[in-house]
Each structure stands twice: as C-alpha cells, then as structure tokens.
file coords_27.csv (CSV, C-alpha atoms and all ligand atoms)
chain,number,residue,atom,x,y,z
Z,275,MET,CA,-26.9,24.6,15.8
Z,276,LYS,CA,-25.5,21.6,17.6
Z,277,CYS,CA,-21.7,21.5,17.6
Z,278,PRO,CA,-20.2,19.2,15.0
Z,279,ASP,CA,-18.0,16.4,16.3
Z,280,LYS,CA,-14.3,17.0,16.6
Z,281,GLU,CA,-13.5,14.6,13.8
Z,282,LEU,CA,-15.3,16.9,11.4
Z,283,LEU,CA,-13.5,19.9,12.8
Z,284,SER,CA,-10.2,18.2,12.2
Z,285,ALA,CA,-11.1,17.5,8.6
Z,286,PHE,CA,-12.3,21.1,8.3
Z,287,PHE,CA,-8.9,22.2,9.5
Z,288,ASP,CA,-7.2,20.1,6.8
Z,289,ASN,CA,-9.5,21.7,4.2
Z,290,GLU,CA,-11.1,18.3,3.5
Z,291,VAL,CA,-14.7,19.4,4.0
Z,292,PRO,CA,-16.3,20.3,0.6
Z,293,SER,CA,-18.7,23.1,-0.1
Z,294,PRO,CA,-21.5,23.8,1.0
Z,295,TYR,CA,-20.7,22.0,4.3
Z,296,ARG,CA,-17.6,24.0,4.6
Z,297,GLU,CA,-19.4,27.3,4.7
Z,298,VAL,CA,-21.9,26.0,7.2
Z,299,LEU,CA,-19.1,24.9,9.5
Z,300,GLU,CA,-17.3,28.2,9.0
Z,301,ASP,CA,-20.4,30.1,10.1
Z,302,HIS,CA,-20.8,27.9,13.2
Z,303,ILE,CA,-17.1,28.1,14.2
Z,304,ARG,CA,-17.1,31.9,14.0
Z,305,THR,CA,-19.8,32.1,16.6
Z,306,CYS,CA,-19.0,29.1,18.8
Z,307,ASP,CA,-16.3,29.4,21.5
Z,308,HIS,CA,-16.0,25.7,22.0
Z,309,CYS,CA,-15.4,24.9,18.3
Z,310,SER,CA,-13.2,27.8,17.6
Z,311,SER,CA,-11.0,26.7,20.6
Z,312,VAL,CA,-10.7,23.2,19.1
Z,313,ILE,CA,-9.6,24.7,15.7
Z,314,HIS,CA,-7.2,26.9,17.6
Z,315,LYS,CA,-5.7,23.9,19.3
Z,316,TYR,CA,-5.2,22.1,16.0
Z,317,ALA,CA,-3.6,25.2,14.5
Z,318,LYS,CA,-1.2,25.6,17.4
Z,319,MET,CA,-0.1,21.9,17.2
Z,320,HIS,CA,0.3,22.3,13.4
Z,321,GLU,CA,2.6,25.3,13.9
Z,322,GLN,CA,4.6,23.5,16.6
Z,323,LEU,CA,5.1,20.5,14.4
Z,324,LEU,CA,6.3,22.7,11.5
Z,325,ASP,CA,8.6,24.6,13.9
Z,326,LEU,CA,10.6,21.3,14.3
Z,327,GLN,CA,11.8,21.6,10.7
Z,328,ARG,CA,11.7,25.4,10.2
Z,329,ASN,CA,15.4,25.8,10.6
Z,330,GLU,CA,16.5,22.4,9.6
Z,331,ILE,CA,18.9,22.1,6.8
Z,332,VAL,CA,18.0,19.6,4.1
Z,333,PRO,CA,21.2,18.2,2.6
Z,334,GLU,CA,21.6,19.0,-1.0
Z,335,VAL,CA,20.5,16.5,-3.7
Z,336,ASN,CA,23.3,14.0,-4.0
Z,337,LYS,CA,24.5,14.4,-7.6
Z,338,GLY,CA,26.3,11.1,-7.5
Z,339,VAL,CA,23.2,9.2,-6.6
Z,340,LEU,CA,21.2,11.0,-9.3
Z,341,GLU,CA,23.9,10.1,-11.9
Z,342,PHE,CA,24.0,6.5,-10.8
Z,343,CYS,CA,20.2,6.3,-11.2
Z,344,GLU,CA,20.3,7.9,-14.6
Z,345,LYS,CA,22.9,5.5,-15.8
Z,346,LYS,CA,20.9,2.5,-14.4
Z,347,LEU,CA,17.8,3.8,-16.2
Z,348,LYS,CA,19.7,3.9,-19.5
Z,349,THR,CA,20.9,0.3,-19.2
Z,350,MET,CA,17.4,-0.9,-18.4
Z,351,PRO,CA,15.7,-2.7,-21.3
Z,352,ALA,CA,12.8,-0.7,-22.7
Z,353,THR,CA,9.9,-2.9,-21.9
Z,354,PRO,CA,7.1,-2.5,-24.4
Z,355,HIS,CA,4.1,-1.2,-22.6
Z,356,PHE,CA,0.7,-1.9,-24.0
Z,357,HIS,CA,-1.9,0.2,-22.6
Z,358,ILE,CA,-5.2,-1.6,-22.9
Z,359,THR,CA,-8.3,0.5,-22.3
Z,360,TRP,CA,-11.6,-0.9,-21.2
Z,361,PRO,CA,-13.4,-0.5,-24.5
Z,362,VAL,CA,-10.7,-2.4,-26.3
Z,363,LEU,CA,-10.8,-5.1,-23.6
Z,364,ALA,CA,-14.6,-5.3,-23.9
Z,365,ALA,CA,-14.4,-5.5,-27.7
Z,366,ALA,CA,-11.8,-8.3,-27.4
Z,367,ALA,CA,-13.9,-10.2,-25.0
Z,368,ALA,CA,-17.0,-9.9,-27.2
Z,369,PHE,CA,-15.0,-11.1,-30.2
Z,370,MET,CA,-13.7,-14.2,-28.3
Z,371,LEU,CA,-17.2,-15.0,-27.2
Z,372,PHE,CA,-18.5,-14.8,-30.7
Z,373,ILE,CA,-15.7,-17.0,-32.0
Z,374,GLY,CA,-16.2,-19.4,-29.1
Z,375,ILE,CA,-19.9,-19.8,-29.7
Z,376,GLY,CA,-19.5,-20.2,-33.5
Z,377,LEU,CA,-16.8,-22.9,-33.0
Z,378,SER,CA,-18.7,-24.9,-30.5
Z,379,VAL,CA,-21.9,-24.9,-32.6
Z,380,LEU,CA,-19.9,-26.1,-35.6
Z,381,LEU,CA,-18.1,-28.8,-33.6
Z,382,PHE,CA,-21.1,-30.1,-31.7
Z,383,THR,CA,-23.4,-30.4,-34.7
Z,384,ASN,CA,-21.0,-32.5,-36.7
Z,385,ARG,CA,-18.9,-34.5,-34.3
Z,386,THR,CA,-20.9,-34.7,-31.1
Z,387,ASN,CA,-19.7,-38.1,-30.1
Z,388,GLU,CA,-16.0,-37.5,-30.5
Z,389,ILE,CA,-16.2,-34.2,-28.6
Z,390,MET,CA,-17.9,-35.9,-25.7
Z,391,VAL,CA,-15.1,-38.3,-25.3
Z,392,GLU,CA,-12.6,-37.1,-22.9
Z,393,VAL,CA,-9.6,-38.7,-21.5
Z,394,LYS,CA,-9.7,-39.2,-17.7
Z,395,PRO,CA,-7.3,-40.9,-15.4
Z,396,ALA,CA,-7.8,-44.6,-14.8
Z,397,THR,CA,-10.1,-45.6,-12.0
Z,398,THR,CA,-9.1,-48.5,-9.9
Z,399,VAL,CA,-11.9,-50.6,-8.4
Z,400,SER,CA,-11.0,-52.6,-5.3
Z,401,GLU,CA,-12.8,-55.8,-6.1
Z,402,TYR,CA,-14.7,-57.5,-8.9
Z,403,SER,CA,-17.9,-56.0,-7.5
Z,404,LEU,CA,-19.8,-55.7,-10.7
Z,405,SER,CA,-22.7,-53.7,-9.2
Z,406,GLU,CA,-20.3,-51.1,-8.0
Z,407,VAL,CA,-18.7,-50.9,-11.4
Z,408,VAL,CA,-22.0,-50.6,-13.2
Z,409,ASP,CA,-23.2,-48.1,-10.6
Z,410,TYR,CA,-20.1,-46.1,-11.1
Z,411,LEU,CA,-20.3,-46.2,-14.8
Z,412,SER,CA,-23.9,-45.2,-14.9
Z,413,LYS,CA,-23.0,-42.0,-13.1
Z,414,GLN,CA,-20.3,-41.2,-15.7
Z,415,GLN,CA,-21.1,-39.4,-18.9
Z,416,ASN,CA,-18.0,-40.3,-20.9
Z,417,SER,CA,-15.5,-43.0,-21.6
Z,418,ARG,CA,-13.3,-44.3,-18.8
Z,419,THR,CA,-10.6,-46.8,-18.4
Z,420,ILE,CA,-11.4,-49.2,-15.6
Z,421,GLU,CA,-8.6,-51.3,-14.1
Z,422,ILE,CA,-9.6,-54.4,-12.2
Z,423,PRO,CA,-6.6,-55.8,-10.3
Z,424,GLY,CA,-5.1,-58.7,-12.1
Z,425,GLN,CA,-7.1,-58.0,-15.3
Z,426,LEU,CA,-6.4,-56.0,-18.4
Z,427,PRO,CA,-7.9,-52.6,-18.5
Z,428,ILE,CA,-11.3,-52.4,-19.9
Z,429,GLU,CA,-12.3,-49.5,-22.1
Z,430,THR,CA,-15.9,-48.4,-21.7
Z,431,SER,CA,-17.7,-46.7,-24.5
Z,432,ILE,CA,-19.2,-43.3,-24.3
Z,433,GLN,CA,-22.4,-44.9,-23.3
Z,434,PRO,CA,-21.7,-46.7,-20.0
Z,435,THR,CA,-25.0,-48.5,-20.0
Z,436,ILE,CA,-23.9,-50.8,-22.8
Z,437,VAL,CA,-21.3,-52.4,-20.5
Z,438,ARG,CA,-23.4,-55.4,-19.7
Z,439,GLU,CA,-23.3,-57.4,-16.6
Z,440,ALA,CA,-22.3,-60.5,-18.7
Z,441,ASP,CA,-19.1,-58.8,-19.8
Z,442,PHE,CA,-17.9,-58.7,-16.2
Z,443,ASN,CA,-19.3,-61.9,-15.0
Z,444,ARG,CA,-16.4,-64.3,-14.4
Z,445,SER,CA,-18.5,-67.4,-14.3
Z,446,GLY,CA,-20.5,-66.3,-17.3
Z,447,LYS,CA,-17.6,-66.4,-19.7
B,297,MET,CA,6.2,4.1,-17.3
B,298,SER,CA,8.8,4.2,-20.0
B,299,VAL,CA,12.4,4.3,-19.2
B,300,ASP,CA,12.7,8.1,-19.5
B,301,SER,CA,15.3,9.8,-17.4
B,302,SER,CA,13.7,13.2,-17.5
B,303,GLN,CA,10.6,11.8,-15.7
B,304,PHE,CA,12.8,10.3,-13.1
B,305,ASN,CA,14.7,13.5,-12.7
B,306,ASP,CA,11.5,15.4,-12.1
B,307,LEU,CA,10.4,13.0,-9.5
B,308,TYR,CA,13.8,13.1,-7.8
B,309,SER,CA,13.8,16.8,-7.5
B,310,ALA,CA,10.2,17.0,-6.5
B,311,MET,CA,10.3,14.3,-3.9
B,312,TYR,CA,13.8,14.6,-2.4
B,313,VAL,CA,13.0,17.3,0.2
B,314,PRO,CA,9.6,15.9,1.3
B,315,LEU,CA,11.0,12.4,1.6
B,316,PHE,CA,13.9,13.7,3.6
B,317,ARG,CA,11.6,15.5,6.0
B,318,ILE,CA,9.3,12.6,6.5
B,319,VAL,CA,12.2,10.2,7.1
B,320,LYS,CA,14.1,12.7,9.3
B,321,ARG,CA,11.0,13.1,11.6
B,322,ILE,CA,10.8,9.4,12.1
B,323,THR,CA,14.4,8.6,12.5
B,324,GLY,CA,15.5,11.9,14.1
B,325,ASN,CA,18.8,11.3,12.4
B,326,GLU,CA,20.0,13.3,9.5
B,327,ASP,CA,22.6,10.8,8.2
B,328,ALA,CA,20.1,8.0,8.3
B,329,ALA,CA,17.5,10.1,6.6
B,330,GLU,CA,19.8,10.9,3.7
B,331,GLU,CA,20.9,7.3,3.3
B,332,ILE,CA,17.3,5.9,3.4
B,333,VAL,CA,16.1,8.5,0.9
B,334,GLN,CA,18.9,7.7,-1.6
B,335,ASP,CA,18.4,3.9,-1.2
B,336,THR,CA,14.7,4.4,-1.9
B,337,PHE,CA,15.3,6.3,-5.1
B,338,ILE,CA,17.7,3.5,-6.2
B,339,LYS,CA,15.1,0.9,-5.4
B,340,VAL,CA,12.3,2.6,-7.3
B,341,LEU,CA,14.2,2.0,-10.5
B,342,ASP,CA,13.6,-1.7,-10.3
B,343,TYR,CA,9.8,-1.1,-10.3
B,344,TRP,CA,9.8,1.8,-12.7
B,345,SER,CA,8.3,0.0,-15.7
B,346,LYS,CA,5.5,-1.3,-13.5
B,347,PHE,CA,4.2,2.2,-12.6
B,348,GLU,CA,1.4,3.5,-14.7
B,349,THR,CA,1.8,7.2,-13.6
B,350,THR,CA,4.3,9.3,-11.8
B,351,ASP,CA,1.8,9.5,-8.9
B,352,ASP,CA,2.1,5.7,-8.5
B,353,ALA,CA,5.8,6.1,-8.2
B,354,ARG,CA,5.4,8.9,-5.8
B,355,TYR,CA,3.1,6.9,-3.4
B,356,TRP,CA,5.5,4.0,-3.7
B,357,LEU,CA,8.5,6.2,-2.8
B,358,ILE,CA,6.8,7.6,0.3
B,359,ARG,CA,5.5,4.3,1.5
B,360,VAL,CA,8.9,2.5,1.1
B,361,ALA,CA,10.9,5.3,2.6
B,362,GLN,CA,8.5,5.6,5.6
B,363,ASN,CA,8.7,1.8,6.2
B,364,ALA,CA,12.5,1.9,6.0
B,365,ALA,CA,12.6,4.8,8.4
B,366,ILE,CA,10.3,3.0,10.9
B,367,ASN,CA,12.4,-0.1,10.7
B,368,TRP,CA,15.6,2.0,11.2
B,369,ALA,CA,14.0,3.7,14.2
B,370,LYS,CA,12.9,0.3,15.7
B,371,ARG,CA,16.3,-1.3,15.2
B,372,SER,CA,18.2,1.5,16.9
B,373,SER,CA,15.6,2.5,19.5
B,374,LYS,CA,17.7,1.0,22.3
B,375,GLU,CA,20.8,2.9,21.3
B,376,HIS,CA,18.7,5.9,20.5
B,377,LYS,CA,17.2,6.1,24.0
B,378,LEU,CA,20.6,5.7,25.5
B,379,TYR,CA,22.1,8.3,23.2
B,380,GLN,CA,19.3,10.7,23.8
B,381,ARG,CA,19.6,10.4,27.5
B,382,VAL,CA,23.3,10.9,27.6
B,383,TYR,CA,23.5,13.7,25.0
B,384,SER,CA,20.3,15.6,25.4
B,385,GLU,CA,21.5,17.5,28.3
B,386,GLN,CA,24.8,18.6,26.8
B,387,HIS,CA,24.0,18.6,23.2
B,388,VAL,CA,20.7,19.3,21.6
B,389,GLY,CA,18.5,16.4,20.7
B,390,MET,CA,20.0,13.6,18.6
B,391,ASP,CA,20.7,15.6,15.5
B,392,GLY,CA,24.0,15.3,13.7
B,393,PRO,CA,26.9,17.8,14.0
B,394,GLU,CA,25.7,19.7,10.9
B,395,GLN,CA,22.7,20.8,12.9
B,396,THR,CA,23.2,24.4,13.6
B,397,HIS,CA,19.8,25.2,14.9
B,398,LEU,CA,19.4,24.8,18.6
B,399,LYS,CA,16.1,23.4,19.5
B,400,THR,CA,14.0,25.3,22.0
B,401,GLU,CA,12.5,23.6,25.0
B,402,THR,CA,9.1,23.6,23.3
B,403,GLU,CA,10.5,22.0,20.2
B,404,GLN,CA,12.2,19.3,22.1
B,405,LEU,CA,8.9,18.7,23.9
B,406,VAL,CA,6.9,18.4,20.7
B,407,GLN,CA,9.5,16.1,19.2
B,408,ASN,CA,9.3,13.8,22.3
B,409,ALA,CA,5.5,13.9,22.2
B,410,LEU,CA,5.5,12.9,18.6
B,411,GLN,CA,7.8,10.0,19.3
B,412,MET,CA,5.4,8.9,22.1
B,413,LEU,CA,2.5,8.3,19.6
B,414,PRO,CA,1.5,4.8,18.5
B,415,GLU,CA,3.1,4.0,15.2
B,416,LYS,CA,-0.1,4.3,13.1
B,417,PHE,CA,-0.8,7.8,14.5
B,418,LYS,CA,2.7,8.9,14.0
B,419,ARG,CA,2.7,7.7,10.4
B,420,VAL,CA,-0.5,9.5,9.4
B,421,LEU,CA,0.4,12.7,11.2
B,422,ILE,CA,3.9,12.9,9.7
B,423,LEU,CA,2.4,12.4,6.2
B,424,LYS,CA,-0.1,15.1,6.9
B,425,GLU,CA,2.1,17.7,8.4
B,426,TYR,CA,5.5,17.1,6.8
B,427,GLY,CA,4.5,15.2,3.6
B,428,GLU,CA,2.0,17.9,2.8
B,429,LEU,CA,-0.4,15.2,1.4
B,430,ASP,CA,-4.2,15.4,1.4
B,431,TYR,CA,-6.4,12.6,2.7
B,432,LYS,CA,-6.7,10.9,-0.6
B,433,GLU,CA,-3.0,10.8,-1.1
B,434,ILE,CA,-2.3,9.6,2.4
B,435,GLY,CA,-4.9,6.8,1.8
B,436,LYS,CA,-3.0,5.8,-1.3
B,437,VAL,CA,0.3,5.7,0.6
B,438,LEU,CA,-1.0,3.8,3.5
B,439,GLY,CA,-3.5,1.6,1.6
B,440,ILE,CA,-6.5,2.8,3.6
B,441,THR,CA,-9.7,4.6,2.7
B,442,GLU,CA,-10.0,8.4,2.8
B,443,GLY,CA,-12.6,7.9,5.6
B,444,ASN,CA,-10.0,6.0,7.6
B,445,VAL,CA,-7.4,8.7,7.1
B,446,LYS,CA,-9.9,11.3,8.4
B,447,VAL,CA,-10.5,9.3,11.6
B,448,ARG,CA,-6.8,8.5,12.1
B,449,VAL,CA,-5.6,12.1,11.6
B,450,PHE,CA,-8.2,13.2,14.1
B,451,ARG,CA,-7.2,10.5,16.7
B,452,ALA,CA,-3.5,11.3,16.1
B,453,ARG,CA,-4.1,15.0,16.9
B,454,GLU,CA,-6.0,14.1,20.0
B,455,ALA,CA,-3.2,11.7,21.0
B,456,LEU,CA,-0.6,14.3,20.4
B,457,ALA,CA,-2.4,16.9,22.5
B,458,LYS,CA,-2.7,14.3,25.3
B,459,ALA,CA,1.0,13.4,25.0
B,460,LEU,CA,1.9,17.1,25.2
B,461,GLU,CA,-0.2,17.5,28.3
B,462,GLU,CA,1.5,14.5,29.9
B,463,LEU,CA,4.8,16.1,29.3
B,464,GLY,CA,3.5,19.2,31.1
B,465,TYR,CA,2.6,21.3,28.1
B,466,GLU,CA,-0.9,22.7,27.8
B,467,VAL,CA,-2.1,23.0,24.2
B,468,SER,CA,-4.9,25.6,24.2
Z,501,ZN,ZN,-19.6,24.6,18.3
call {"tool": "encode", "arguments": {"input": "coords_27.csv", "output": "structure tokens", "more": "lines below"}}
Ligand SMILES: [Zn+2]
result
Amino acid sequence: MKCPDKELLSAFFDNEVPSPYREVLEDHIRTCDHCSSVIHKYAKMHEQLLDLQRNEIVPEVNKGVLEFCEKKLKTMPATPHFHITWPVLAAAAAFMLFIGIGLSVLLFTNRTNEIMVEVKPATTVSEYSLSEVVDYLSKQQNSRTIEIPGQLPIETSIQPTIVREADFNRSGK
Amino acid sequence: MSVDSSQFNDLYSAMYVPLFRIVKRITGNEDAAEEIVQDTFIKVLDYWSKFETTDDARYWLIRVAQNAAINWAKRSSKEHKLYQRVYSEQHVGMDGPEQTHLKTETEQLVQNALQMLPEKFKRVLILKEYGELDYKEIGKVLGITEGNVKVRVFRAREALAKALEELGYEVS
C-alpha cells in the first residue's frame, strides 16, 4: 500500500479518522517504518507540549469572582425565551400564506380599482413637453401626481391613457 | 439560556482550568492568565441569554479568552522580549514568583518554538493540545470547517518540528 499523506497521519494521531479507514491505517503504520516514525514524531511533540504544563500550578477558582457573577446573574431580567422549532415555523408560514392568498382573492375581486391605486411621490417634469408626459404616463400603471412648474399639480387617473393631449395643450384651452 | 446560576456554576468549574491553561500558554504569564480568564467569565454573563446551549457558551468563552490572550501578548511583546532576555538567564522563563517548577532546557526550547509559530498555527495547536478539543469543537471556536482544522493542525505540527530543529533540537 502506498503511504498515506502526513495530513491523514496527523488526523489519525488525533483520533479523527473514523472506522474502517482507521483500521486500514493502523495496519499500514504497524508495518511501515516511514509512517510509524511520523506518528512517533507527533507523539513526542505532544508529550513535550504537555510537559510544559505538567508541573504548573493552576490558581484556585476565585470565589470572589464566582460570587460576583452569581449576584449579577440574579439581577439580570429573566428574558422570556421562545424556542421555535422548524415544524412550528413551517406551519406558521403555511398559515400566513393561506390567509394572504384568501385575503388578496377577496380584495381583488371586489375592489380591483382601488387596490391598484397607490400613492407615489410626485414627479417633476422639466418642461411642458407633452409627449414626454404622455410617454411617461403610458409606462405607468397607476395614478400619479404630475407637477409642471408654475402649474397646479395634475392628478392622473388609474388609466393614464385617458389623459388626453388636449388637457395639456396650452394653446388648445 | 435561562438565567440559572447552577448552569453558570457548572460551566465555571468545568472551564476554569482549560481556559487558564490555554491563556497561560499564549501569554506565558500567570497573573495575566488569571485576570483574562476572570474577565471573560464576567463578560459571558452579558451574552448569557443569547446562548442556546452550554456548548455555545463554552465555545464563546474559549474564543474570547484566546483573543484577549493574543492581544495581551501582542501589546506586551516588546516588554516581554526584554524581560525574557534579562531574566531568562538568572530566573526561569517569564513565569511569576509562584512558579515553583523549574523548567528544563527542553521545556524552555519547546516553549520558545511554540512562540515562534505563526499566530494561526499557535492558536490551533494550543486548542488541540491544551484545550483538549476535537476538530469539530476547534472549528466551532475558530469559525472554520473541520477540514480546515485538520489541515491547520497538521501544518502547525510540521511548523513546530521545523522551529524545534531551527533551535537545534531534533524531533525524531
Ligand atoms: Zn507508510
């Protein structure tokens, strides 16, 4: 068997290679000088790193800090925690969708026109260029307020095509 | 998690020693390690209600303590180097006066080699060797995938072996 790369040997050393690969590697390492020397090197470094703390004294838990924390925890407001699971979330979404569809069917069948009207910010047209205005309106689906400088705002209906050229023609008044 | 002091107590007693060891390895300073660990426990309280499980709190603690330790080490690296140079010959390393254990020559060498590693290798190796975490947990702490942890641990080991060799120590 070809030697595994060292990255895999390192993971093997950390017990991170699952069965049955682990056993295959074990068998190989047992019979391969090269791989067993790599494992030996990792083991030695591991021991040396642990040696650094072997005789180190860890200071005792600071009772004062622990008490401080406990006191702080007690003064913290108990925040209500709602644990929402996926099925509940999915059910809620389905319900909202159902209500949404039902509502829109109801509204659009009875009051189509009013629903379509939507308030939009005023549009300012630079000049009295009627063709521009009509062009612009024909692209719009809903009612708009058009401000022509020096004139009162003109409300268009929900059907822009009914704004006739004559309504805007200064000389045609 | 709910504001339950018994859960906090359990976490405190379970994590105090590993956190201290992780931070001590990075800072090399016992007093700093104790202070950083305590600060981290006090800070975790502010986020307590946001954690879903104690594991989330655990990963948060390790990440925050490790970051604080690295910042501490960076801030004082100049003083550190000077201190180390002056005292390492008379005293032993840069440990506090409570330190009764005298480091052997090899231990000092390993400590120096560890300090020579690039930060990301040092982080991952310290979590592996002193934090006693598996790849999945290290990934959670560092915010990287398990696969990345595997690669990084391997590279860190190779870098450590190289650093030891550079310091005249043959790992075989
Ligand atoms: Zn081999």
call {"tool": "interface_residues", "arguments": {"input": "coords_27.csv", "of": "chain Z", "to": "chain B", "cutoff": "6 Å", "atoms": "all atoms listed in the file", "output": "MDAnalysis selection string"}}
result
chainID Z and resid 281 284 315 326
call {"tool": "residues_near_ligand", "arguments": {"input": "coords_27.csv", "ligand": "ligand ZN 501 (chain Z)", "cutoff": "6 Å", "atoms": "only C-alpha atoms and all ligand atoms", "output": "ChimeraX atom specification"}}
result
/Z:277,303,306,308-309
call {"tool": "atom_distance", "arguments": {"input": "coords_27.csv", "atom1": "CA of Leu315 (chain B)", "atom2": "CA of Lys337 (chain Z)"}}
result
16.5 Å
call {"tool": "closest_residue", "arguments": {"input": "coords_27.csv", "among": "B:Thr336, B:Gln303, B:Asn325, B:Gln362", "to": "Lys418 (chain B)", "atoms": "only C-alpha atoms"}}
result
B:Gln362
call {"tool": "atom_distance", "arguments": {"input": "coords_27.csv", "atom1": "CA of Lys416 (chain B)", "atom2": "CA of Ala317 (chain Z)"}}
result
21.2 Å
call {"tool": "atom_distance", "arguments": {"input": "coords_27.csv", "atom1": "CA of Lys346 (chain Z)", "atom2": "CA of Gly427 (chain B)"}}
result
27.5 Å
call {"tool": "residues_around", "arguments": {"input": "coords_27.csv", "residues": "Val319 (chain B)", "least_positions_apart": "5", "cutoff": "8 Å", "atoms": "only C-alpha atoms", "output": "list in words"}}
result
Gly324, Ala329, Ile332, Val333, Ala361, Gln362 and Ala365 of chain B
call {"tool": "write_last_selection", "arguments": {"input": "coords_27.csv", "atoms": "C-alpha atoms", "output": "PDB file, in the coordinates of the input"}}
result
ATOM      1  CA  GLY B 324      15.500  11.900  14.100  1.00  0.00           C
ATOM      2  CA  ALA B 329      17.500  10.100   6.600  1.00  0.00           C
ATOM      3  CA  ILE B 332      17.300   5.900   3.400  1.00  0.00           C
ATOM      4  CA  VAL B 333      16.100   8.500   0.900  1.00  0.00           C
ATOM      5  CA  ALA B 361      10.900   5.300   2.600  1.00  0.00           C
ATOM      6  CA  GLN B 362       8.500   5.600   5.600  1.00  0.00           C
ATOM      7  CA  ALA B 365      12.600   4.800   8.400  1.00  0.00           C
TER       8      ALA B 365
END
call {"tool": "closest_residue", "arguments": {"input": "coords_27.csv", "among": "B:Phe347, B:Gly443, B:Met311, B:Ala455", "to": "Leu413 (chain B)", "atoms": "only C-alpha atoms"}}
result
B:Ala455
call {"tool": "build_atoms", "arguments": {"input": "coords_27.csv", "residues": "region 333-348 of chain B", "atoms": "N, CA, C and O atoms", "output": "CSV table (one decimal), keeping the file's coordinate frame"}}
result
chain,number,residue,atom,x,y,z
B,333,VAL,N,16.7,7.8,2.0
B,333,VAL,CA,16.1,8.5,0.9
B,333,VAL,C,16.8,8.1,-0.4
B,333,VAL,O,16.2,7.7,-1.4
B,334,GLN,N,18.1,8.1,-0.4
B,334,GLN,CA,18.9,7.7,-1.6
B,334,GLN,C,18.6,6.2,-1.9
B,334,GLN,O,18.4,5.9,-3.1
B,335,ASP,N,18.6,5.4,-0.9
B,335,ASP,CA,18.4,3.9,-1.2
B,335,ASP,C,17.0,3.7,-1.8
B,335,ASP,O,16.8,2.9,-2.7
B,336,THR,N,16.0,4.5,-1.3
B,336,THR,CA,14.7,4.4,-1.9
B,336,THR,C,14.6,4.8,-3.3
B,336,THR,O,14.0,4.1,-4.1
B,337,PHE,N,15.3,5.8,-3.7
B,337,PHE,CA,15.3,6.3,-5.1
B,337,PHE,C,16.0,5.2,-6.0
B,337,PHE,O,15.6,5.0,-7.1
B,338,ILE,N,17.0,4.6,-5.4
B,338,ILE,CA,17.7,3.5,-6.2
B,338,ILE,C,16.8,2.3,-6.4
B,338,ILE,O,16.7,1.8,-7.5
B,339,LYS,N,16.1,2.0,-5.3
B,339,LYS,CA,15.1,0.9,-5.4
B,339,LYS,C,14.0,1.1,-6.4
B,339,LYS,O,13.5,0.2,-7.0
B,340,VAL,N,13.5,2.3,-6.4
B,340,VAL,CA,12.3,2.6,-7.3
B,340,VAL,C,12.6,2.3,-8.7
B,340,VAL,O,11.7,1.9,-9.5
B,341,LEU,N,13.8,2.3,-9.1
B,341,LEU,CA,14.2,2.0,-10.5
B,341,LEU,C,13.8,0.6,-10.9
B,341,LEU,O,13.4,0.4,-12.1
B,342,ASP,N,13.9,-0.3,-10.0
B,342,ASP,CA,13.6,-1.7,-10.3
B,342,ASP,C,12.1,-1.9,-10.6
B,342,ASP,O,11.7,-2.9,-11.3
B,343,TYR,N,11.3,-1.0,-10.1
B,343,TYR,CA,9.8,-1.1,-10.3
B,343,TYR,C,9.3,-0.1,-11.4
B,343,TYR,O,8.1,-0.1,-11.6
B,344,TRP,N,10.2,0.6,-11.9
B,344,TRP,CA,9.8,1.8,-12.7
B,344,TRP,C,8.9,1.4,-13.9
B,344,TRP,O,7.9,2.1,-14.1
B,345,SER,N,9.2,0.3,-14.5
B,345,SER,CA,8.3,0.0,-15.7
B,345,SER,C,6.9,-0.5,-15.3
B,345,SER,O,6.0,-0.6,-16.1
B,346,LYS,N,6.8,-0.8,-14.0
B,346,LYS,CA,5.5,-1.3,-13.5
B,346,LYS,C,4.5,-0.1,-13.1
B,346,LYS,O,3.3,-0.4,-13.0
B,347,PHE,N,5.1,1.0,-12.9
B,347,PHE,CA,4.2,2.2,-12.6
B,347,PHE,C,3.5,2.7,-13.8
B,347,PHE,O,4.1,2.9,-14.8
B,348,GLU,N,2.2,3.0,-13.6
B,348,GLU,CA,1.4,3.5,-14.7
B,348,GLU,C,1.6,5.1,-14.8
B,348,GLU,O,1.7,5.6,-15.9
